[in-house]
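Participant: Sharing a structure here in structure tokens format.
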2 protein chains.
Amino acid sequence: MLLHQALKRAVHLFPDNTATIFNSQKQSYRELDARVQALACALHNLGIQRGERVAIYLLNCSQFFEVVYACFEIGAAVVPLNTRLAADELAFIINDADCVAFITDEALQAQAALFRSELHGINNYIAIGGAEGFADYETLIAKHIVDETTPPMDTEASEDELAGLFYTSGTTGLPKGVMLSHRNLWMNALHSFATRAPEPHSIFLHAAPMFHLATFPALINITLSGGTHAIMPKFDIKVLMETIERERVTSTVLVPTMINFLISHPEIGKYDLSRLRRITYGASPMPVELLKRAMKTFPGCEFIQGYGQTESSPLLTALLPEEHITDGPEHITRRLASCGRPVIGVEVEVVNGEGKRIKPGEVGEVIARGPNVMMGYWKRPEETETTLRGGWLHTGDMATIDEAGYIYLVDRKKDMIISGGENVYSTEVENVIYQHPAIREAAVIGVPDEKWGEAVKAILTIRPGASLTECELIEFCAAKLADYKVPKSVEIREGELPKSGTGKILKKELREPYWRGRTRQIN
Amino acid sequence: MLLHQALKRAVHLFPDNTATIFNSQKQSYRELDARVQALACALHNLGIQRGERVAIYLLNCSQFFEVVYACFEIGAAVVPLNTRLAADELAFIINDADCVAFITDEALQAQAALFRSELHGINNYIAIGGAEGFADYETLIAKHIVDETTPPMDTEASEDELAGLFYTSGTTGLPKGVMLSHRNLWMNALHSFATRAPEPHSIFLHAAPMFHLATFPALINITLSGGTHAIMPKFDIKVLMETIERERVTSTVLVPTMINFLISHPEIGKYDLSRLRRITYGASPMPVELLKRAMKTFPGCEFIQGYGQTESSPLLTALLPEEHITDGPEHITRRLASCGRPVIGVEVEVVNGEGKRIKPGEVGEVIARGPNVMMGYWKRPEETETTLRGGWLHTGDMATIDEAGYIYLVDRKKDMIISGGENVYSTEVENVIYQHPAIREAAVIGVPDEKWGEAVKAILTIRPGASLTECELIEFCAAKLADYKVPKSVEIREGELPKSGTGKILKKELREPYWRGRTRQIN
């Protein structure tokens with residue numbers, strides 16, 4: 001199936017359902033589809049060919065949906081850009097992807113002006129809200145609104161053609177474009193339904209940025225089930241709570257940092273969040289204490305953890321609502337710390353350096369195989385070959401596994417600290433730190449150390465009103481961790497730790513000042 | 001994904017769940033898998049090659065499951081035989097499929113002896129329970145039971161290789177083998193999950209014969225979710241009720257005839273059927289009155305209608321539990337007479353003779369496209385070409401469609417009656433007849449008529465204790481149907497109407513005596 005079939009289905013079966021809610025404006029699937037078809041005609045008439053790439057530089061908005069589906073409709077591939085990147089990085093990505101069109105909005109035009117002169121190959125600049133030097137988005141749509149008898153456009157594209165390039169930043173080096181085909185994203189949607197289908201008539205909130213694979217798949221899944229996309233332009237805790245209340249949001253995807261901010265917010269009690277029935281979380285490890293607090297805060301809500309990565313469109317494993325057990329024997333409750341088990345449709349293994357399945361207690365790398373695994377990295381045959389060697393996706397995630405097949409991520413391979421010859425998994429240390437009531441955010445990194453090679457360092461922010469000293473935290477950790485895992489130094493910062501577009505703490509950035517001019521060894 | 005991945009998943013994630021219950025014997029997935037692996041080794045050592053066909057001539061049993069998965073494991077294709085067929089038909093099918101192995105059981109050995117001498121190309125005869133001239137099934141397994149360290153067998157087969165040949169009888173002519181690939185059946189499983197996933201820990205009863213696509217897919221779906229297969233050797237109403245009670249069955253697939261017999265059974269009240277939470281029905285049209293009675297009989301049970309055919313592995317459309325609405329406006333309640341709407345993953349259209357989508361009120365043929373549509377008919381390139389013309393499966397089912405996209409089957413193309421130049425859809429007339437309280441079973445066929453071309457004839461059985469005359473039924477119909485649709489003659493029979501293996505009334509057989517020596521025109 002091609003991805004525009006998702007919208008075709010919705011407009012055929014659920015034409016009057018609310019498709020999008022954005023800035024309190026609602027569109028039905030019928031209305032939305034008319035605009036998508038018009039935009040598809042417009043893009044086609046502008047000369048955008050099947051297989052060409054369209055750069056999408058937008059905050060979350062209903063037009064994001066329209067652009068994505070219009071591209072699918074004409075067989076063009078989308079290149080959703082991380083709006084938090086710097087001008088140089090954006091120019092690099094757009095040029096690397098050989099994009100032929102660039103679509104932005106009012107909020108980002110000033111930023112776009114900073115790198116526009118660096119772009120090669122863009123034939124069409126389009127802006128929502130219009131601007132000097134940009135075609136006006138609404139004018140394009142208005143010119144191409146078609147009557148009902150016009151036959152729908154359709155491409156002859158195969159499922160194995162490119163649907164999108166999703167750039168990820170490597171540990172080192174330049175961002176890489178993950179090539180996802182129509183089949184990749186379609187199969188991910190089916191795997192996601194098989195894991196836990198959206199409830200009928202769900203109202204899904206796009207709280208995380210749509211350019212990221214945490215939320216992008218919802219553009220397909222929620223549409224397939226005729227649900228509603230409620231859209232927030234960008235993440236803000238108060239707007240999140242207001243939107244959940246006002247639009248009676250029933251489900252959303254949040255990253256752990258967002259959940260942390262949400263449940264710690266002093267005004268959470270002022271909002272009626274009771275319609276929320278499902279929180280799916282993922283994109284970075286979820287500290288168990290945080291998860292338990294979240295479950296207490298939303299007792300009527302089911303929690304699903306999805307683990308995956310851009311390279312797998314993204315879903316690999318899930319921890320289901322009925323597996324979120326807080327009371328009972330330890331071998332059951334400890335599963336809260338796991339990312340669950342492989343979803344239907346994907347083979348997932350944890351293997352040692354020789355590619356053999358590890359035994360419980362050992363640590364290995366998560367590898368995966370399935371129709372959702374990327375076609376490769378755009379124009380990076382060597383990195384593709386390395387990452388997909390032997391027909392398996394090598395995720396770079398280190399994990400253990402228990403007797404029942406639950407997978408416990410211990411760290412990104414690149415975030416693992418080797419201190420005095422011992423492996424220290426940063427997330428294990430973070431999990432302990434998060435048990436301290438004063439902690440708001442914590443990141444554990446390795447810093448160069450003459451004696452130990454790398455030394456464990458914790459960088460923290462604390463809750464308003466709380467207090468904590470370096471010594472107190474080290475003592476707290478020493479009571480719960482082996483010596484070599486206890487942070488040798490602690491830094492308590494004001495404000496927030498630096499984060500990616502999806503709210504993942506950027507350890508790379510935290511490490512950078514310590515490693516400047518040196519090379520960190522990664523296995 | 002290859003289909004043996006379903007069992008691999010179950011044994012990895014749910015090793016101690018009960019996999020099969022048969023004759024009150026339970027096997028866990030771990031136990032079942034050990035037998036499957038042993039059988040796979042045995043079949044491999046007997047020389048059965050990847051791509052070769054294995055004839056399965058078994059009543060429902062846990063060994064049916066084992067044989068199917070052992071074949072999948074070594075990349076052999078299964079040919080499940082309809083156990084109700086006559087010796088000649090079976091010999092034809094086994095030879096047509098070029099089977100190299102033949103597996104049967106004690107109950108069917110005598111029948112098998114009738115056609116064994118007709119078979120070419122079978123190198124291996126295997127019997128459960130053993131027999132003269134057959135290798136003994138249990139001995140084969142015992143010889144190959146492997147220890148846990150033996151690496152699992154695996155084939156290099158692609159998803160597009162043949163997983164099974166499922167024979168269907170044509171309107172005229174010889175049975176045709178529907179070629180279903182691993183991908184076809186895998187995608188059907190995912191579509192079925194997207195439609196309504198099995199509940200966790202479901203106990204599914206194989207009441208319909210496993211050789212048929214009504215129940216065969218459950219071998220994959222229920223296994224994927226770690227559920228239990230409760231197995232009845234063959235359909236019997238009392239055994240059905242006993243098994244549901246004894247094994248605490250939670251879900252099953254029944255054909256309308258089975259539901260009719262079940263809810264009409266005088267002793268239904270004696271059994272505790274309260275664990276049953278889901279009845280999926282299909283394989284032949286469901287009269288609305290019967291459906292309503294069934295819903296009353298099982299108020300705690302959700303009903304799902306699945307419509308499809310062997311050629312689509314089989315699911316095309318579904319009527320979901322929340323669409324089974326008996327009270328409300330007519331345009332909603334009439335949906336009970338529909339087979340629902342297209343499932344996620346399959347394109348379904350109803351088109352007229354020119355291949356154009358019909359408007360509500362018109363009648364057209366159901367066509368479908370999707371990854372679940374068969375590879376073709378085995379060794380029948382012309383029939384394949386006709387049935388799959390233009391890349392769409394032509395189902396031979398005539399239907400109308402309403403504004404909301406619900407599809408109402410009106411008849412098989414071949415069962416449509418043309419009387420005085422007017423189309424009469426046999427199921428429409430049957431639906432009216434079923435409203436009469438005396439009716440047990442009804443079939444409406446066209447018989448040759450000098451004046452009308454074809455005349456409408458009803459063939460009936462009536463409920464125990466009820467009485468009905470030909471005139472009464474004609475008057476009853478005349479009050480509810482246009483003149484030309486009212487049966488011109490009525491035949492009331494003793495006993496049961498002739499049925500297929502899945503309980504579908506065999507209209508072909510009912511028509512046969514009237515049409516002997518003549519040719520019936522089919523559009």
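Chain labels run A, B, ... following the order of the structure tokens; each chain numbers its residues from 1, and ligands are numbered from 1 in the order shown.
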Each residue of chain B lying at most 10 Å from chain A should get a row with its shortest atom-to-atom pair and the distance in Å to one decimal, counting only C-alpha atoms; could you produce that, ordered by chain and increasing number, as CSV?

Facilitator:
residue,atom,partner,partner_atom,distance
B:Met1,CA,A:Gly345,CA,6.9
B:Leu2,CA,A:Gly345,CA,9.8
B:Gln5,CA,A:Glu347,CA,8.5
B:Ala6,CA,A:Ile344,CA,8.4
B:Lys8,CA,A:Glu347,CA,9.7
B:Arg9,CA,A:Ile344,CA,8.1
B:His12,CA,A:Gly405,CA,7.0
B:Leu13,CA,A:Gly405,CA,6.1
B:Phe14,CA,A:Ala404,CA,7.9
B:Pro15,CA,A:Ala404,CA,8.7
B:Trp186,CA,A:Gly345,CA,8.9
B:Met187,CA,A:Leu190,CA,9.1
B:Ala189,CA,A:Ala194,CA,9.2
B:Leu190,CA,A:Leu190,CA,6.2
B:His191,CA,A:Leu190,CA,7.3
B:Ser192,CA,A:Ala194,CA,8.6
B:Phe193,CA,A:Ala194,CA,5.0
B:Ala194,CA,A:Phe193,CA,5.0
B:Thr195,CA,A:Ala197,CA,8.5
B:Arg196,CA,A:Ala197,CA,8.0
B:Ala197,CA,A:Ala194,CA,6.5
B:Pro198,CA,A:Ala194,CA,9.3
B:Pro200,CA,A:Glu322,CA,9.5
B:Leu224,CA,A:Ile344,CA,7.0
B:Ser225,CA,A:Ile344,CA,8.2
B:Glu322,CA,A:Pro200,CA,9.4
B:Arg341,CA,A:Leu13,CA,7.8
B:Pro342,CA,A:Arg9,CA,8.6
B:Val343,CA,A:Arg9,CA,9.4
B:Ile344,CA,A:Leu224,CA,7.0
B:Gly345,CA,A:Met1,CA,6.9
B:Val346,CA,A:Met1,CA,8.2
B:Glu347,CA,A:Arg9,CA,8.4
B:Arg369,CA,A:Met1,CA,9.3
B:Gly370,CA,A:Met1,CA,7.0
B:Pro371,CA,A:Met1,CA,7.7
B:Glu403,CA,A:Leu13,CA,9.3
B:Ala404,CA,A:Leu13,CA,6.3
B:Gly405,CA,A:Leu13,CA,6.1
B:Tyr406,CA,A:Leu13,CA,8.6

Participant: Those residues with C-alpha atoms, as a compact mmCIF listing (two decimals), in the first residue's frame please?

Facilitator:
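What ended up in again-v5.txt:
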# COMPACT_ATOMS: atom_id res chain seq x y z
CA MET B 1 7.95 -12.29 7.42
CA LEU B 2 7.71 -16.02 6.92
CA GLN B 5 7.86 -16.65 12.61
CA ALA B 6 4.43 -16.70 14.25
CA LYS B 8 8.86 -18.66 16.83
CA ARG B 9 7.38 -15.56 18.42
CA HIS B 12 9.95 -17.09 22.56
CA LEU B 13 7.44 -14.81 24.33
CA PHE B 14 4.78 -17.21 25.62
CA PRO B 15 6.54 -20.59 26.02
CA TRP B 186 1.00 -12.75 6.94
CA MET B 187 -0.60 -9.57 5.66
CA ALA B 189 -3.01 -11.64 9.85
CA LEU B 190 -1.88 -8.02 10.25
CA HIS B 191 -5.08 -6.73 8.63
CA SER B 192 -7.06 -8.90 10.97
CA PHE B 193 -5.16 -7.49 13.98
CA ALA B 194 -5.75 -3.97 12.71
CA THR B 195 -9.45 -4.76 12.41
CA ARG B 196 -9.74 -6.18 15.91
CA ALA B 197 -6.84 -7.87 17.63
CA PRO B 198 -7.46 -11.06 19.59
CA PRO B 200 -4.69 -11.29 25.30
CA LEU B 224 0.99 -14.54 17.13
CA SER B 225 -0.86 -13.31 20.19
CA GLU B 322 -19.79 -1.25 17.52
CA ARG B 341 -16.47 -1.75 5.19
CA PRO B 342 -12.98 -2.40 3.85
CA VAL B 343 -10.45 -3.43 6.46
CA ILE B 344 -7.22 -1.50 6.87
CA GLY B 345 -4.73 -2.64 4.27
CA VAL B 346 -7.13 -3.67 1.52
CA GLU B 347 -8.68 -1.57 -1.22
CA ARG B 369 -6.53 -5.09 -4.27
CA GLY B 370 -3.97 -5.60 -1.55
CA PRO B 371 -1.00 -7.65 -0.39
CA GLU B 403 -23.51 6.53 1.36
CA ALA B 404 -21.32 5.59 4.31
CA GLY B 405 -19.43 2.97 2.31
CA TYR B 406 -21.08 -0.11 3.83

Participant: Give me the residues within 12 Å of Ser169 in chain B as a list in words, counting only C-alpha atoms and dropping any in the same chain fewer than 3 places off.

Facilitator: Leu81, Asn82, Leu85, Glu89, Leu90, Phe92, Ile93, Phe166, Thr172, Gly173, Leu174, Pro175, Lys176, Gly177, Val178, Thr310, Tyr377, Ser500, Gly501, Leu506, Lys508 and Glu509 of chain B

Participant: Can you measure CA of Glu365 in chain A to CA of Tyr425 in chain A for me? One decimal in Å is fine.

Facilitator: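 Result for CA of Glu365 in chain A versus CA of Tyr425 in chain A: 12.9 Å, one decimal.
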
Participant: Please return as a list of chain:residue names: the residues of range 18-54 of chain A that backbone DSSP assigns to strand (DSSP E or B).

Facilitator: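 In range 18-54 of chain A, DSSP puts these residues in strand (DSSP E or B): A:Thr18, A:Ala19, A:Thr20, A:Ile21, A:Phe22, A:Gln25, A:Lys26, A:Gln27, A:Ser28, A:Arg53, A:Val54.
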
Participant: Next, dump the selected residues to file, keeping only N, CA and C atoms, as a CSV table (one decimal), in the first residue's frame.

Facilitator:
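This went into out_0.csv:
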chain,number,residue,atom,x,y,z
A,18,THR,N,-13.7,14.8,12.4
A,18,THR,CA,-12.8,15.9,12.4
A,18,THR,C,-11.4,15.3,12.2
A,19,ALA,N,-10.7,15.8,11.2
A,19,ALA,CA,-9.4,15.3,10.9
A,19,ALA,C,-8.3,16.1,11.7
A,20,THR,N,-8.4,17.4,11.6
A,20,THR,CA,-7.4,18.2,12.4
A,20,THR,C,-8.0,19.3,13.2
A,21,ILE,N,-7.4,19.5,14.3
A,21,ILE,CA,-7.8,20.7,15.1
A,21,ILE,C,-6.5,21.5,15.4
A,22,PHE,N,-6.4,22.7,14.9
A,22,PHE,CA,-5.2,23.5,15.0
A,22,PHE,C,-5.6,24.9,15.2
A,25,GLN,N,-9.2,25.7,15.0
A,25,GLN,CA,-9.9,25.5,13.8
A,25,GLN,C,-10.0,24.0,13.5
A,26,LYS,N,-11.2,23.6,13.1
A,26,LYS,CA,-11.4,22.2,12.8
A,26,LYS,C,-11.6,22.0,11.3
A,27,GLN,N,-11.0,20.9,10.8
A,27,GLN,CA,-11.3,20.5,9.4
A,27,GLN,C,-11.7,19.0,9.4
A,28,SER,N,-12.8,18.7,8.6
A,28,SER,CA,-13.2,17.3,8.5
A,28,SER,C,-12.2,16.7,7.5
A,53,ARG,N,12.5,15.3,-3.8
A,53,ARG,CA,12.4,15.6,-2.4
A,53,ARG,C,11.9,17.0,-2.1
A,54,VAL,N,11.1,17.1,-1.1
A,54,VAL,CA,10.5,18.3,-0.7
A,54,VAL,C,10.9,18.6,0.8

Participant: Contacts of Asn260 in chain B at 12 Å or less, counting only C-alpha atoms, minus same-chain residues fewer than 2 places along, as number ranges by chain?

Facilitator: B: 237, 254-258, 262-266, 268, 281, 286-295, 297, 434, 439-442, 463, 503-504

Participant: Record the distance separating CA of Lys359 in chain A and CA of Val410 in chain A, expressed in Å with one decimal.

Facilitator: 14.9 Å

Participant: Any idea what's packed within 10 Å of range 478-493 of chain B, counting only C-alpha atoms, ignoring anything in its chain fewer than 3 positions away? Could you give it as an mmCIF file with C-alpha atoms, in the first residue's frame?

Facilitator:
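What ended up in result_1.cif:
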data_model
loop_
_atom_site.group_PDB
_atom_site.id
_atom_site.type_symbol
_atom_site.label_atom_id
_atom_site.label_comp_id
_atom_site.auth_asym_id
_atom_site.auth_seq_id
_atom_site.Cartn_x
_atom_site.Cartn_y
_atom_site.Cartn_z
ATOM 1 C CA ILE B 417 -31.463 -15.327 -11.011
ATOM 2 C CA ILE B 418 -32.573 -13.618 -14.193
ATOM 3 C CA SER B 419 -36.344 -13.905 -14.346
ATOM 4 C CA GLY B 420 -38.303 -12.111 -17.060
ATOM 5 C CA GLY B 421 -35.285 -9.928 -17.716
ATOM 6 C CA GLU B 422 -35.105 -8.763 -14.097
ATOM 7 C CA ASN B 423 -32.228 -9.552 -11.750
ATOM 8 C CA VAL B 424 -33.309 -11.386 -8.638
ATOM 9 C CA TYR B 425 -30.726 -11.715 -5.903
ATOM 10 C CA SER B 426 -31.272 -15.006 -4.140
ATOM 11 C CA GLU B 428 -32.626 -10.908 -0.778
ATOM 12 C CA VAL B 429 -35.409 -13.433 -1.137
ATOM 13 C CA VAL B 432 -37.381 -12.377 3.638
ATOM 14 C CA ILE B 433 -38.048 -16.093 3.949
ATOM 15 C CA ILE B 439 -38.085 -21.581 8.726
ATOM 16 C CA GLU B 441 -33.004 -23.298 6.433
ATOM 17 C CA ALA B 442 -33.764 -21.657 3.119
ATOM 18 C CA ALA B 443 -32.105 -21.545 -0.274
ATOM 19 C CA VAL B 444 -33.408 -19.716 -3.305
ATOM 20 C CA ILE B 445 -32.309 -20.812 -6.758
ATOM 21 C CA GLY B 446 -33.229 -20.192 -10.364
ATOM 22 C CA VAL B 447 -34.764 -23.096 -12.280
ATOM 23 C CA TRP B 452 -39.477 -16.379 -17.561
ATOM 24 C CA ALA B 455 -38.074 -18.947 -12.282
ATOM 25 C CA VAL B 456 -37.441 -18.271 -8.602
ATOM 26 C CA LYS B 457 -37.646 -21.416 -6.490
ATOM 27 C CA ALA B 458 -37.302 -21.731 -2.714
ATOM 28 C CA ILE B 459 -36.068 -24.914 -1.074
ATOM 29 C CA LEU B 460 -36.606 -25.106 2.659
ATOM 30 C CA THR B 461 -36.416 -27.061 5.840
ATOM 31 C CA ILE B 462 -38.615 -26.112 8.762
ATOM 32 C CA LEU B 468 -45.833 -24.390 6.720
ATOM 33 C CA THR B 469 -47.413 -24.819 3.311
ATOM 34 C CA GLU B 470 -46.159 -23.683 -0.065
ATOM 35 C CA CYS B 471 -49.052 -21.207 -0.350
ATOM 36 C CA GLU B 472 -48.429 -19.711 3.067
ATOM 37 C CA LEU B 473 -44.810 -19.037 2.242
ATOM 38 C CA ILE B 474 -45.617 -17.513 -1.149
ATOM 39 C CA GLU B 475 -48.190 -15.218 0.437
ATOM 40 C CA GLU B 496 -30.872 -30.784 6.142
ATOM 41 C CA LEU B 497 -30.009 -29.016 2.935
#

Participant: In Å to one decimal, how far is CA of Val348 in chain B from CA of Thr395 in chain B?

Facilitator: 10.3 Å

Participant: Might you pull out every residue within 8 Å of Tyr137 in chain B, with only C-alpha atoms counted and same-chain residues fewer than 2 positions away left off, and present them as a PyMOL selection string?

Facilitator: chain B and resi 126-130+135+139-141

Participant: For Asn352 in chain A, find every residue with an atom within 9 Å (counting only C-alpha atoms), except residues of its own chain fewer than 2 positions away, and show them as a ChimeraX atom specification.

Facilitator: /A:350,354-358,362-365

Participant: To test your reading of the structure, identify every residue in range 50-283 of chain B that backbone DSSP assigns to helix (DSSP H, G or I), and report it as number ranges by chain.

Facilitator: B: 62-74, 87-96, 106-118, 137-144, 182-196, 218-224, 237-246, 256-264, 268-270

Participant: I'd like to know which of B:Glu106, B:Thr317, B:Gly390, B:Pro285 is closest to Leu409 in chain B, using only C-alpha atoms.

Facilitator: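 Ranking B:Glu106, B:Thr317, B:Gly390, B:Pro285 by distance to Leu409 in chain B, first place goes to B:Pro285.
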